[in-house]
file input-v6.cif (mmCIF, N, CA and C atoms)
data_final
loop_
_atom_site.label_atom_id
_atom_site.label_comp_id
_atom_site.auth_asym_id
_atom_site.auth_seq_id
_atom_site.Cartn_x
_atom_site.Cartn_y
_atom_site.Cartn_z
N LEU A 1 1.86 6.01 16.06
CA LEU A 1 0.67 5.17 16.00
C LEU A 1 1.05 3.84 15.39
N LEU A 2 0.73 2.76 16.07
CA LEU A 2 0.98 1.43 15.53
C LEU A 2 -0.29 0.89 14.92
N CYS A 3 -0.17 0.36 13.73
CA CYS A 3 -1.32 -0.24 13.07
C CYS A 3 -1.55 -1.64 13.62
N THR A 4 -2.77 -2.11 13.54
CA THR A 4 -3.06 -3.46 13.99
C THR A 4 -2.62 -4.46 12.95
N LYS A 5 -2.53 -5.72 13.34
CA LYS A 5 -1.99 -6.73 12.45
C LYS A 5 -3.03 -7.48 11.64
N MET A 6 -4.29 -7.40 11.96
CA MET A 6 -5.30 -8.13 11.21
C MET A 6 -6.08 -7.17 10.34
N GLY A 7 -6.04 -7.37 9.02
CA GLY A 7 -6.76 -6.50 8.11
C GLY A 7 -8.12 -7.09 7.76
N THR A 8 -9.17 -6.29 7.89
CA THR A 8 -10.50 -6.76 7.52
C THR A 8 -11.21 -5.71 6.71
N LEU A 9 -11.89 -6.15 5.69
CA LEU A 9 -12.70 -5.26 4.87
C LEU A 9 -13.97 -4.99 5.67
N ALA A 10 -14.30 -3.74 5.85
CA ALA A 10 -15.43 -3.38 6.71
C ALA A 10 -16.67 -4.18 6.36
N GLY A 11 -17.17 -4.91 7.34
CA GLY A 11 -18.40 -5.65 7.17
C GLY A 11 -18.27 -6.99 6.47
N HIS A 12 -17.11 -7.32 5.97
CA HIS A 12 -16.96 -8.56 5.22
C HIS A 12 -16.12 -9.61 5.95
N GLY A 13 -15.30 -9.21 6.89
CA GLY A 13 -14.48 -10.15 7.62
C GLY A 13 -13.32 -10.71 6.81
N ALA A 14 -13.08 -10.17 5.62
CA ALA A 14 -11.99 -10.65 4.77
C ALA A 14 -10.70 -9.93 5.12
N GLU A 15 -9.59 -10.63 4.99
CA GLU A 15 -8.29 -9.98 5.17
C GLU A 15 -7.97 -9.21 3.91
N VAL A 16 -7.45 -8.00 4.08
CA VAL A 16 -7.25 -7.09 2.95
C VAL A 16 -5.82 -6.56 2.95
N VAL A 17 -5.24 -6.49 1.76
CA VAL A 17 -3.92 -5.91 1.55
C VAL A 17 -4.10 -4.53 0.93
N ALA A 18 -3.44 -3.53 1.50
CA ALA A 18 -3.49 -2.17 0.95
C ALA A 18 -2.43 -2.04 -0.14
N ILE A 19 -2.81 -1.46 -1.26
CA ILE A 19 -1.85 -1.13 -2.31
C ILE A 19 -1.79 0.38 -2.39
N LEU A 20 -0.66 0.94 -1.95
CA LEU A 20 -0.48 2.39 -2.00
C LEU A 20 -0.04 2.78 -3.40
N ASP A 21 -0.84 3.58 -4.05
CA ASP A 21 -0.60 3.96 -5.43
C ASP A 21 0.28 5.20 -5.50
N ALA A 22 1.54 5.00 -5.88
CA ALA A 22 2.50 6.10 -5.98
C ALA A 22 2.54 6.68 -7.40
N GLY A 23 1.52 6.38 -8.19
CA GLY A 23 1.45 6.94 -9.53
C GLY A 23 1.90 6.00 -10.62
N SER A 24 2.10 4.76 -10.30
CA SER A 24 2.55 3.78 -11.28
C SER A 24 1.46 3.48 -12.30
N GLN A 25 1.88 3.27 -13.52
CA GLN A 25 0.92 2.83 -14.53
C GLN A 25 0.52 1.38 -14.31
N TYR A 26 1.22 0.70 -13.40
CA TYR A 26 0.93 -0.71 -13.14
C TYR A 26 0.14 -0.93 -11.85
N GLY A 27 -0.30 0.12 -11.19
CA GLY A 27 -1.03 -0.03 -9.93
C GLY A 27 -2.23 -0.95 -10.04
N LYS A 28 -3.03 -0.75 -11.07
CA LYS A 28 -4.22 -1.58 -11.25
C LYS A 28 -3.85 -3.00 -11.66
N LEU A 29 -2.74 -3.16 -12.36
CA LEU A 29 -2.27 -4.49 -12.73
C LEU A 29 -1.81 -5.25 -11.48
N ILE A 30 -1.09 -4.56 -10.60
CA ILE A 30 -0.68 -5.18 -9.32
C ILE A 30 -1.92 -5.60 -8.56
N ASP A 31 -2.90 -4.70 -8.49
CA ASP A 31 -4.16 -4.98 -7.80
C ASP A 31 -4.83 -6.23 -8.37
N ARG A 32 -4.95 -6.28 -9.68
CA ARG A 32 -5.61 -7.42 -10.31
C ARG A 32 -4.86 -8.73 -10.08
N ASN A 33 -3.54 -8.68 -10.19
CA ASN A 33 -2.75 -9.91 -10.00
C ASN A 33 -2.85 -10.43 -8.57
N ILE A 34 -2.88 -9.55 -7.59
CA ILE A 34 -3.04 -9.99 -6.20
C ILE A 34 -4.44 -10.57 -6.00
N ARG A 35 -5.44 -9.94 -6.58
CA ARG A 35 -6.82 -10.44 -6.46
C ARG A 35 -6.96 -11.81 -7.13
N GLU A 36 -6.23 -12.05 -8.21
CA GLU A 36 -6.28 -13.35 -8.88
C GLU A 36 -5.71 -14.45 -7.99
N LEU A 37 -4.97 -14.08 -6.95
CA LEU A 37 -4.46 -15.04 -5.96
C LEU A 37 -5.46 -15.22 -4.81
N ASN A 38 -6.68 -14.73 -5.01
CA ASN A 38 -7.75 -14.80 -4.02
C ASN A 38 -7.43 -14.03 -2.74
N VAL A 39 -6.77 -12.90 -2.91
CA VAL A 39 -6.46 -12.00 -1.80
C VAL A 39 -7.19 -10.69 -2.07
N ASP A 40 -7.99 -10.24 -1.10
CA ASP A 40 -8.69 -8.97 -1.25
C ASP A 40 -7.69 -7.83 -1.15
N THR A 41 -7.88 -6.81 -1.97
CA THR A 41 -7.01 -5.64 -1.96
C THR A 41 -7.84 -4.37 -1.97
N GLU A 42 -7.19 -3.30 -1.57
CA GLU A 42 -7.78 -1.97 -1.72
C GLU A 42 -6.69 -1.05 -2.23
N LEU A 43 -6.93 -0.47 -3.39
CA LEU A 43 -6.00 0.49 -3.98
C LEU A 43 -6.27 1.84 -3.33
N VAL A 44 -5.28 2.37 -2.61
CA VAL A 44 -5.47 3.60 -1.85
C VAL A 44 -4.45 4.65 -2.31
N PRO A 45 -4.75 5.93 -2.11
CA PRO A 45 -3.80 6.97 -2.51
C PRO A 45 -2.53 6.89 -1.68
N PHE A 46 -1.43 7.28 -2.29
CA PHE A 46 -0.12 7.25 -1.64
C PHE A 46 -0.09 8.17 -0.43
N SER A 47 -0.96 9.14 -0.40
CA SER A 47 -1.00 10.12 0.69
C SER A 47 -1.74 9.61 1.92
N ILE A 48 -2.21 8.36 1.92
CA ILE A 48 -2.94 7.82 3.07
C ILE A 48 -2.04 7.90 4.31
N THR A 49 -2.65 8.18 5.44
CA THR A 49 -1.88 8.30 6.69
C THR A 49 -1.82 6.96 7.41
N ALA A 50 -0.87 6.84 8.31
CA ALA A 50 -0.75 5.63 9.13
C ALA A 50 -2.02 5.46 9.97
N GLU A 51 -2.60 6.55 10.40
CA GLU A 51 -3.83 6.50 11.18
C GLU A 51 -4.97 5.89 10.36
N GLU A 52 -5.06 6.29 9.09
CA GLU A 52 -6.09 5.73 8.22
C GLU A 52 -5.84 4.25 7.95
N ILE A 53 -4.57 3.88 7.81
CA ILE A 53 -4.21 2.47 7.61
C ILE A 53 -4.62 1.67 8.84
N ALA A 54 -4.37 2.21 10.02
CA ALA A 54 -4.74 1.53 11.27
C ALA A 54 -6.25 1.35 11.35
N ALA A 55 -6.99 2.37 10.96
CA ALA A 55 -8.45 2.30 11.03
C ALA A 55 -9.01 1.22 10.10
N LYS A 56 -8.35 1.01 8.97
CA LYS A 56 -8.83 0.00 8.01
C LYS A 56 -8.30 -1.39 8.31
N LYS A 57 -7.34 -1.50 9.23
CA LYS A 57 -6.81 -2.77 9.70
C LYS A 57 -6.32 -3.69 8.56
N PHE A 58 -5.49 -3.14 7.70
CA PHE A 58 -4.94 -3.92 6.59
C PHE A 58 -4.02 -5.02 7.10
N LYS A 59 -3.97 -6.13 6.41
CA LYS A 59 -3.12 -7.27 6.76
C LYS A 59 -1.68 -7.04 6.30
N ALA A 60 -1.50 -6.31 5.20
CA ALA A 60 -0.17 -6.03 4.64
C ALA A 60 -0.29 -4.78 3.76
N ILE A 61 0.87 -4.25 3.39
CA ILE A 61 0.93 -3.04 2.55
C ILE A 61 1.87 -3.30 1.39
N ILE A 62 1.42 -2.96 0.18
CA ILE A 62 2.28 -2.97 -1.00
C ILE A 62 2.40 -1.52 -1.46
N ILE A 63 3.62 -1.03 -1.62
CA ILE A 63 3.84 0.32 -2.14
C ILE A 63 4.24 0.17 -3.59
N SER A 64 3.40 0.70 -4.48
CA SER A 64 3.63 0.53 -5.92
C SER A 64 4.75 1.42 -6.43
N GLY A 65 5.04 1.26 -7.69
CA GLY A 65 6.02 2.11 -8.35
C GLY A 65 5.44 3.48 -8.64
N GLY A 66 6.26 4.32 -9.21
CA GLY A 66 5.82 5.67 -9.56
C GLY A 66 6.80 6.31 -10.52
N PRO A 67 6.40 7.42 -11.12
CA PRO A 67 7.23 8.06 -12.14
C PRO A 67 8.38 8.90 -11.60
N GLU A 68 8.40 9.16 -10.31
CA GLU A 68 9.41 10.03 -9.72
C GLU A 68 10.56 9.24 -9.10
N SER A 69 11.64 9.94 -8.82
CA SER A 69 12.73 9.40 -8.01
C SER A 69 12.43 9.77 -6.56
N VAL A 70 12.79 8.91 -5.64
CA VAL A 70 12.56 9.23 -4.22
C VAL A 70 13.36 10.46 -3.80
N TYR A 71 14.39 10.80 -4.55
CA TYR A 71 15.25 11.95 -4.23
C TYR A 71 14.79 13.24 -4.89
N ALA A 72 13.82 13.16 -5.79
CA ALA A 72 13.36 14.35 -6.52
C ALA A 72 12.57 15.26 -5.58
N PRO A 73 12.73 16.57 -5.74
CA PRO A 73 11.95 17.49 -4.91
C PRO A 73 10.45 17.37 -5.16
N THR A 74 10.08 16.82 -6.30
CA THR A 74 8.66 16.66 -6.63
C THR A 74 8.15 15.26 -6.27
N ALA A 75 8.93 14.49 -5.53
CA ALA A 75 8.51 13.15 -5.13
C ALA A 75 7.23 13.24 -4.29
N PRO A 76 6.33 12.28 -4.46
CA PRO A 76 5.08 12.32 -3.70
C PRO A 76 5.32 12.30 -2.18
N ALA A 77 4.50 13.04 -1.48
CA ALA A 77 4.59 13.07 -0.01
C ALA A 77 3.94 11.81 0.56
N TYR A 78 4.45 11.34 1.69
CA TYR A 78 3.89 10.15 2.33
C TYR A 78 4.06 10.28 3.85
N ASP A 79 3.30 9.47 4.56
CA ASP A 79 3.38 9.43 6.02
C ASP A 79 4.38 8.36 6.40
N ALA A 80 5.51 8.74 6.98
CA ALA A 80 6.55 7.78 7.36
C ALA A 80 6.06 6.78 8.40
N GLY A 81 4.95 7.06 9.04
CA GLY A 81 4.38 6.15 10.01
C GLY A 81 3.94 4.82 9.41
N ILE A 82 3.79 4.78 8.09
CA ILE A 82 3.38 3.52 7.45
C ILE A 82 4.43 2.43 7.67
N PHE A 83 5.68 2.84 7.93
CA PHE A 83 6.74 1.86 8.14
C PHE A 83 6.76 1.32 9.57
N SER A 84 5.90 1.85 10.42
CA SER A 84 5.82 1.41 11.82
C SER A 84 4.50 0.71 12.11
N CYS A 85 3.82 0.29 11.08
CA CYS A 85 2.49 -0.30 11.26
C CYS A 85 2.51 -1.72 11.81
N GLY A 86 3.64 -2.39 11.75
CA GLY A 86 3.71 -3.75 12.26
C GLY A 86 3.12 -4.79 11.34
N VAL A 87 2.90 -4.42 10.08
CA VAL A 87 2.41 -5.38 9.09
C VAL A 87 3.47 -5.53 8.00
N PRO A 88 3.47 -6.65 7.28
CA PRO A 88 4.45 -6.82 6.20
C PRO A 88 4.32 -5.72 5.14
N LEU A 89 5.48 -5.30 4.63
CA LEU A 89 5.54 -4.28 3.58
C LEU A 89 6.27 -4.85 2.37
N LEU A 90 5.74 -4.57 1.19
CA LEU A 90 6.42 -4.93 -0.06
C LEU A 90 6.52 -3.67 -0.89
N GLY A 91 7.72 -3.30 -1.28
CA GLY A 91 7.92 -2.15 -2.14
C GLY A 91 8.26 -2.61 -3.54
N ILE A 92 7.56 -2.08 -4.53
CA ILE A 92 7.83 -2.41 -5.93
C ILE A 92 8.35 -1.15 -6.61
N CYS A 93 9.54 -1.24 -7.18
CA CYS A 93 10.19 -0.14 -7.90
C CYS A 93 10.32 1.08 -6.97
N TYR A 94 9.53 2.13 -7.16
CA TYR A 94 9.60 3.32 -6.34
C TYR A 94 9.41 2.96 -4.86
N GLY A 95 8.47 2.06 -4.59
CA GLY A 95 8.21 1.65 -3.22
C GLY A 95 9.42 1.02 -2.57
N MET A 96 10.18 0.24 -3.33
CA MET A 96 11.39 -0.38 -2.79
C MET A 96 12.45 0.69 -2.51
N GLN A 97 12.60 1.64 -3.40
CA GLN A 97 13.55 2.74 -3.19
C GLN A 97 13.18 3.53 -1.95
N LEU A 98 11.90 3.72 -1.75
CA LEU A 98 11.42 4.48 -0.60
C LEU A 98 11.74 3.79 0.72
N MET A 99 11.64 2.48 0.70
CA MET A 99 11.91 1.70 1.92
C MET A 99 13.38 1.76 2.25
#
call {"tool": "encode", "arguments": {"input": "input-v6.cif", "output": "structure tokens"}}
result
Amino acid sequence: LLCTKMGTLAGHGAEVVAILDAGSQYGKLIDRNIRELNVDTELVPFSITAEEIAAKKFKAIIISGGPESVYAPTAPAYDAGIFSCGVPLLGICYGMQLM
């Protein structure tokens, strides 16, 4: 499933960046800092599917940090389809390791 390239907040027409929360203590800080740049965001669970991302039509995706190693057996599960959405991706800490 390919995600669309234009992200809009339902009913608002605003472009929105998804922040996938991988359990970082800084998830809300990342959210606030992006919003301070006048960019709408939505903090979503790390378990969100590519299909759900497509339905919400996000403009970009930020994958936050988390307490686990990507190699740990207890690492959070994710939908690998998020990497095929066709929108820019930014990985921070755990998110970068995952990419």
call {"tool": "resolve_selection", "arguments": {"input": "input-v6.cif", "expression": "the PyMOL selection byres (((chain A and resi 99 and name CA) around 12) and name CA)", "output": "mmCIF file with N, CA and C atoms, in the frame of the given file"}}
result
data_model
loop_
_atom_site.group_PDB
_atom_site.id
_atom_site.type_symbol
_atom_site.label_atom_id
_atom_site.label_comp_id
_atom_site.auth_asym_id
_atom_site.auth_seq_id
_atom_site.Cartn_x
_atom_site.Cartn_y
_atom_site.Cartn_z
ATOM 1 N N ILE A 61 0.870 -4.250 3.390
ATOM 2 C CA ILE A 61 0.930 -3.040 2.550
ATOM 3 C C ILE A 61 1.870 -3.300 1.390
ATOM 4 N N ILE A 62 1.420 -2.960 0.180
ATOM 5 C CA ILE A 62 2.280 -2.970 -1.000
ATOM 6 C C ILE A 62 2.400 -1.520 -1.460
ATOM 7 N N ILE A 63 3.620 -1.030 -1.620
ATOM 8 C CA ILE A 63 3.840 0.320 -2.140
ATOM 9 C C ILE A 63 4.240 0.170 -3.590
ATOM 10 N N SER A 64 3.400 0.700 -4.480
ATOM 11 C CA SER A 64 3.630 0.530 -5.920
ATOM 12 C C SER A 64 4.750 1.420 -6.430
ATOM 13 N N GLY A 65 5.040 1.260 -7.690
ATOM 14 C CA GLY A 65 6.020 2.110 -8.350
ATOM 15 C C GLY A 65 5.440 3.480 -8.640
ATOM 16 N N VAL A 70 12.790 8.910 -5.640
ATOM 17 C CA VAL A 70 12.560 9.230 -4.220
ATOM 18 C C VAL A 70 13.360 10.460 -3.800
ATOM 19 N N TYR A 78 4.450 11.340 1.690
ATOM 20 C CA TYR A 78 3.890 10.150 2.330
ATOM 21 C C TYR A 78 4.060 10.280 3.850
ATOM 22 N N ALA A 80 5.510 8.740 6.980
ATOM 23 C CA ALA A 80 6.550 7.780 7.360
ATOM 24 C C ALA A 80 6.060 6.780 8.400
ATOM 25 N N GLY A 81 4.950 7.060 9.040
ATOM 26 C CA GLY A 81 4.380 6.150 10.010
ATOM 27 C C GLY A 81 3.940 4.820 9.410
ATOM 28 N N ILE A 82 3.790 4.780 8.090
ATOM 29 C CA ILE A 82 3.380 3.520 7.450
ATOM 30 C C ILE A 82 4.430 2.430 7.670
ATOM 31 N N PHE A 83 5.680 2.840 7.930
ATOM 32 C CA PHE A 83 6.740 1.860 8.140
ATOM 33 C C PHE A 83 6.760 1.320 9.570
ATOM 34 N N SER A 84 5.900 1.850 10.420
ATOM 35 C CA SER A 84 5.820 1.410 11.820
ATOM 36 C C SER A 84 4.500 0.710 12.110
ATOM 37 N N LEU A 89 5.480 -5.300 4.630
ATOM 38 C CA LEU A 89 5.540 -4.280 3.580
ATOM 39 C C LEU A 89 6.270 -4.850 2.370
ATOM 40 N N LEU A 90 5.740 -4.570 1.190
ATOM 41 C CA LEU A 90 6.420 -4.930 -0.060
ATOM 42 C C LEU A 90 6.520 -3.670 -0.890
ATOM 43 N N GLY A 91 7.720 -3.300 -1.280
ATOM 44 C CA GLY A 91 7.920 -2.150 -2.140
ATOM 45 C C GLY A 91 8.260 -2.610 -3.540
ATOM 46 N N ILE A 92 7.560 -2.080 -4.530
ATOM 47 C CA ILE A 92 7.830 -2.410 -5.930
ATOM 48 C C ILE A 92 8.350 -1.150 -6.610
ATOM 49 N N CYS A 93 9.540 -1.240 -7.180
ATOM 50 C CA CYS A 93 10.190 -0.140 -7.900
ATOM 51 C C CYS A 93 10.320 1.080 -6.970
ATOM 52 N N TYR A 94 9.530 2.130 -7.160
ATOM 53 C CA TYR A 94 9.600 3.320 -6.340
ATOM 54 C C TYR A 94 9.410 2.960 -4.860
ATOM 55 N N GLY A 95 8.470 2.060 -4.590
ATOM 56 C CA GLY A 95 8.210 1.650 -3.220
ATOM 57 C C GLY A 95 9.420 1.020 -2.570
ATOM 58 N N MET A 96 10.180 0.240 -3.330
ATOM 59 C CA MET A 96 11.390 -0.380 -2.790
ATOM 60 C C MET A 96 12.450 0.690 -2.510
ATOM 61 N N GLN A 97 12.600 1.640 -3.400
ATOM 62 C CA GLN A 97 13.550 2.740 -3.190
ATOM 63 C C GLN A 97 13.180 3.530 -1.950
ATOM 64 N N LEU A 98 11.900 3.720 -1.750
ATOM 65 C CA LEU A 98 11.420 4.480 -0.600
ATOM 66 C C LEU A 98 11.740 3.790 0.720
#
call {"tool": "residues_around", "arguments": {"input": "input-v6.cif", "residues": "range 36-45 of chain A", "least_positions_apart": "5", "cutoff": "5 Å", "atoms": "only N, CA and C atoms", "output": "list in words"}}
result
Val16, Val17, Ala18, Ile19, Leu20 and Asp21 of chain A
call {"tool": "write_last_selection", "arguments": {"input": "input-v6.cif", "atoms": "N, CA and C atoms", "output": "PDB file, in the frame of the given file"}}
result
ATOM      1  N   VAL A  16      -7.450  -8.000   4.080  1.00  0.00           N
ATOM      2  CA  VAL A  16      -7.250  -7.090   2.950  1.00  0.00           C
ATOM      3  C   VAL A  16      -5.820  -6.560   2.950  1.00  0.00           C
ATOM      4  N   VAL A  17      -5.240  -6.490   1.760  1.00  0.00           N
ATOM      5  CA  VAL A  17      -3.920  -5.910   1.550  1.00  0.00           C
ATOM      6  C   VAL A  17      -4.100  -4.530   0.930  1.00  0.00           C
ATOM      7  N   ALA A  18      -3.440  -3.530   1.500  1.00  0.00           N
ATOM      8  CA  ALA A  18      -3.490  -2.170   0.950  1.00  0.00           C
ATOM      9  C   ALA A  18      -2.430  -2.040  -0.140  1.00  0.00           C
ATOM     10  N   ILE A  19      -2.810  -1.460  -1.260  1.00  0.00           N
ATOM     11  CA  ILE A  19      -1.850  -1.130  -2.310  1.00  0.00           C
ATOM     12  C   ILE A  19      -1.790   0.380  -2.390  1.00  0.00           C
ATOM     13  N   LEU A  20      -0.660   0.940  -1.950  1.00  0.00           N
ATOM     14  CA  LEU A  20      -0.480   2.390  -2.000  1.00  0.00           C
ATOM     15  C   LEU A  20      -0.040   2.780  -3.400  1.00  0.00           C
ATOM     16  N   ASP A  21      -0.840   3.580  -4.050  1.00  0.00           N
ATOM     17  CA  ASP A  21      -0.600   3.960  -5.430  1.00  0.00           C
ATOM     18  C   ASP A  21       0.280   5.200  -5.500  1.00  0.00           C
TER      19      ASP A  21
END
call {"tool": "residues_around", "arguments": {"input": "input-v6.cif", "residues": "Thr49 in chain A", "least_positions_apart": "2", "cutoff": "6.5 Å", "atoms": "all atoms listed in the file", "output": "PyMOL selection string"}}
result
chain A and resi 46-47+51-54+79+81-82
call {"tool": "select_by_dssp", "arguments": {"input": "input-v6.cif", "residues": "range 14-52 of chain A", "states": "helix (DSSP H, G or I)", "output": "PyMOL selection string"}}
result
chain A and resi 27-35+50-52
call {"tool": "resolve_selection", "arguments": {"input": "input-v6.cif", "expression": "the PyMOL selection byres (((chain A and resi 67 and name CA) around 9) and name CA)", "output": "PyMOL selection string"}}
result
chain A and resi 22-25+65-66+68-69+75+94
call {"tool": "atom_distance", "arguments": {"input": "input-v6.cif", "atom1": "atom C of Ile48 in chain A", "atom2": "atom N of Pro73 in chain A"}}
result
19.9 Å
call {"tool": "atom_distance", "arguments": {"input": "input-v6.cif", "atom1": "CA of Arg35 in chain A", "atom2": "CA of Phe58 in chain A"}}
result
14.7 Å
call {"tool": "atom_distance", "arguments": {"input": "input-v6.cif", "atom1": "CA of Lys56 in chain A", "atom2": "CA of Ile34 in chain A"}}
result
18.3 Å
call {"tool": "select_by_dssp", "arguments": {"input": "input-v6.cif", "residues": "chain A", "states": "strand (DSSP E)", "output": "list in words"}}
result
Val16, Val17, Ala18, Ile19, Leu20, Asp21, Asp40, Thr41, Glu42, Leu43, Val44, Pro45, Ala60, Ile61, Ile62, Ile63, Leu89, Leu90 and Gly91 of chain A
call {"tool": "axis_aligned_box", "arguments": {"input": "input-v6.cif", "around": "range 91-98 of chain A", "padding_each_side": "6 Å", "output": "lines of an AutoDock Vina configuration file"}}
result
center_x = 10.6
center_y = 0.6
center_z = -3.6
size_x = 18.0
size_y = 19.8
size_z = 20.6
call {"tool": "closest_residue", "arguments": {"input": "input-v6.cif", "among": "A:Asp31, A:Ala14, A:Ala50, A:Tyr26", "to": "Gly86 in chain A", "atoms": "only C-alpha atoms"}}
result
A:Ala50
call {"tool": "build_atoms", "arguments": {"input": "input-v6.cif", "residues": "range 54-69 of chain A", "atoms": "N, CA, C and O atoms", "output": "PDB file, keeping the file's coordinate frame"}}
result
ATOM      1  N   ALA A  54      -4.370   2.210  10.020  1.00  0.00           N
ATOM      2  CA  ALA A  54      -4.740   1.530  11.270  1.00  0.00           C
ATOM      3  C   ALA A  54      -6.250   1.350  11.350  1.00  0.00           C
ATOM      4  O   ALA A  54      -6.732   0.287  11.755  1.00  0.00           O
ATOM      5  N   ALA A  55      -6.990   2.370  10.960  1.00  0.00           N
ATOM      6  CA  ALA A  55      -8.450   2.300  11.030  1.00  0.00           C
ATOM      7  C   ALA A  55      -9.010   1.220  10.100  1.00  0.00           C
ATOM      8  O   ALA A  55     -10.010   0.584  10.423  1.00  0.00           O
ATOM      9  N   LYS A  56      -8.350   1.010   8.970  1.00  0.00           N
ATOM     10  CA  LYS A  56      -8.830   0.000   8.010  1.00  0.00           C
ATOM     11  C   LYS A  56      -8.300  -1.390   8.310  1.00  0.00           C
ATOM     12  O   LYS A  56      -8.713  -2.358   7.701  1.00  0.00           O
ATOM     13  N   LYS A  57      -7.340  -1.500   9.230  1.00  0.00           N
ATOM     14  CA  LYS A  57      -6.810  -2.770   9.700  1.00  0.00           C
ATOM     15  C   LYS A  57      -6.320  -3.690   8.560  1.00  0.00           C
ATOM     16  O   LYS A  57      -6.671  -4.861   8.500  1.00  0.00           O
ATOM     17  N   PHE A  58      -5.490  -3.140   7.700  1.00  0.00           N
ATOM     18  CA  PHE A  58      -4.940  -3.920   6.590  1.00  0.00           C
ATOM     19  C   PHE A  58      -4.020  -5.020   7.100  1.00  0.00           C
ATOM     20  O   PHE A  58      -3.330  -4.855   8.113  1.00  0.00           O
ATOM     21  N   LYS A  59      -3.970  -6.130   6.410  1.00  0.00           N
ATOM     22  CA  LYS A  59      -3.120  -7.270   6.760  1.00  0.00           C
ATOM     23  C   LYS A  59      -1.680  -7.040   6.300  1.00  0.00           C
ATOM     24  O   LYS A  59      -0.744  -7.548   6.912  1.00  0.00           O
ATOM     25  N   ALA A  60      -1.500  -6.310   5.200  1.00  0.00           N
ATOM     26  CA  ALA A  60      -0.170  -6.030   4.640  1.00  0.00           C
ATOM     27  C   ALA A  60      -0.290  -4.780   3.760  1.00  0.00           C
ATOM     28  O   ALA A  60      -1.391  -4.338   3.436  1.00  0.00           O
ATOM     29  N   ILE A  61       0.870  -4.250   3.390  1.00  0.00           N
ATOM     30  CA  ILE A  61       0.930  -3.040   2.550  1.00  0.00           C
ATOM     31  C   ILE A  61       1.870  -3.300   1.390  1.00  0.00           C
ATOM     32  O   ILE A  61       2.990  -3.787   1.581  1.00  0.00           O
ATOM     33  N   ILE A  62       1.420  -2.960   0.180  1.00  0.00           N
ATOM     34  CA  ILE A  62       2.280  -2.970  -1.000  1.00  0.00           C
ATOM     35  C   ILE A  62       2.400  -1.520  -1.460  1.00  0.00           C
ATOM     36  O   ILE A  62       1.382  -0.846  -1.646  1.00  0.00           O
ATOM     37  N   ILE A  63       3.620  -1.030  -1.620  1.00  0.00           N
ATOM     38  CA  ILE A  63       3.840   0.320  -2.140  1.00  0.00           C
ATOM     39  C   ILE A  63       4.240   0.170  -3.590  1.00  0.00           C
ATOM     40  O   ILE A  63       5.266  -0.428  -3.915  1.00  0.00           O
ATOM     41  N   SER A  64       3.400   0.700  -4.480  1.00  0.00           N
ATOM     42  CA  SER A  64       3.630   0.530  -5.920  1.00  0.00           C
ATOM     43  C   SER A  64       4.750   1.420  -6.430  1.00  0.00           C
ATOM     44  O   SER A  64       5.291   2.242  -5.699  1.00  0.00           O
ATOM     45  N   GLY A  65       5.040   1.260  -7.690  1.00  0.00           N
ATOM     46  CA  GLY A  65       6.020   2.110  -8.350  1.00  0.00           C
ATOM     47  C   GLY A  65       5.440   3.480  -8.640  1.00  0.00           C
ATOM     48  O   GLY A  65       4.285   3.771  -8.367  1.00  0.00           O
ATOM     49  N   GLY A  66       6.260   4.320  -9.210  1.00  0.00           N
ATOM     50  CA  GLY A  66       5.820   5.670  -9.560  1.00  0.00           C
ATOM     51  C   GLY A  66       6.800   6.310 -10.520  1.00  0.00           C
ATOM     52  O   GLY A  66       7.897   5.804 -10.734  1.00  0.00           O
ATOM     53  N   PRO A  67       6.400   7.420 -11.120  1.00  0.00           N
ATOM     54  CA  PRO A  67       7.230   8.060 -12.140  1.00  0.00           C
ATOM     55  C   PRO A  67       8.380   8.900 -11.600  1.00  0.00           C
ATOM     56  O   PRO A  67       9.251   9.310 -12.343  1.00  0.00           O
ATOM     57  N   GLU A  68       8.400   9.160 -10.310  1.00  0.00           N
ATOM     58  CA  GLU A  68       9.410  10.030  -9.720  1.00  0.00           C
ATOM     59  C   GLU A  68      10.560   9.240  -9.100  1.00  0.00           C
ATOM     60  O   GLU A  68      10.453   8.052  -8.850  1.00  0.00           O
ATOM     61  N   SER A  69      11.640   9.940  -8.820  1.00  0.00           N
ATOM     62  CA  SER A  69      12.730   9.400  -8.010  1.00  0.00           C
ATOM     63  C   SER A  69      12.430   9.770  -6.560  1.00  0.00           C
ATOM     64  O   SER A  69      11.869  10.844  -6.303  1.00  0.00           O
TER      65      SER A  69
END
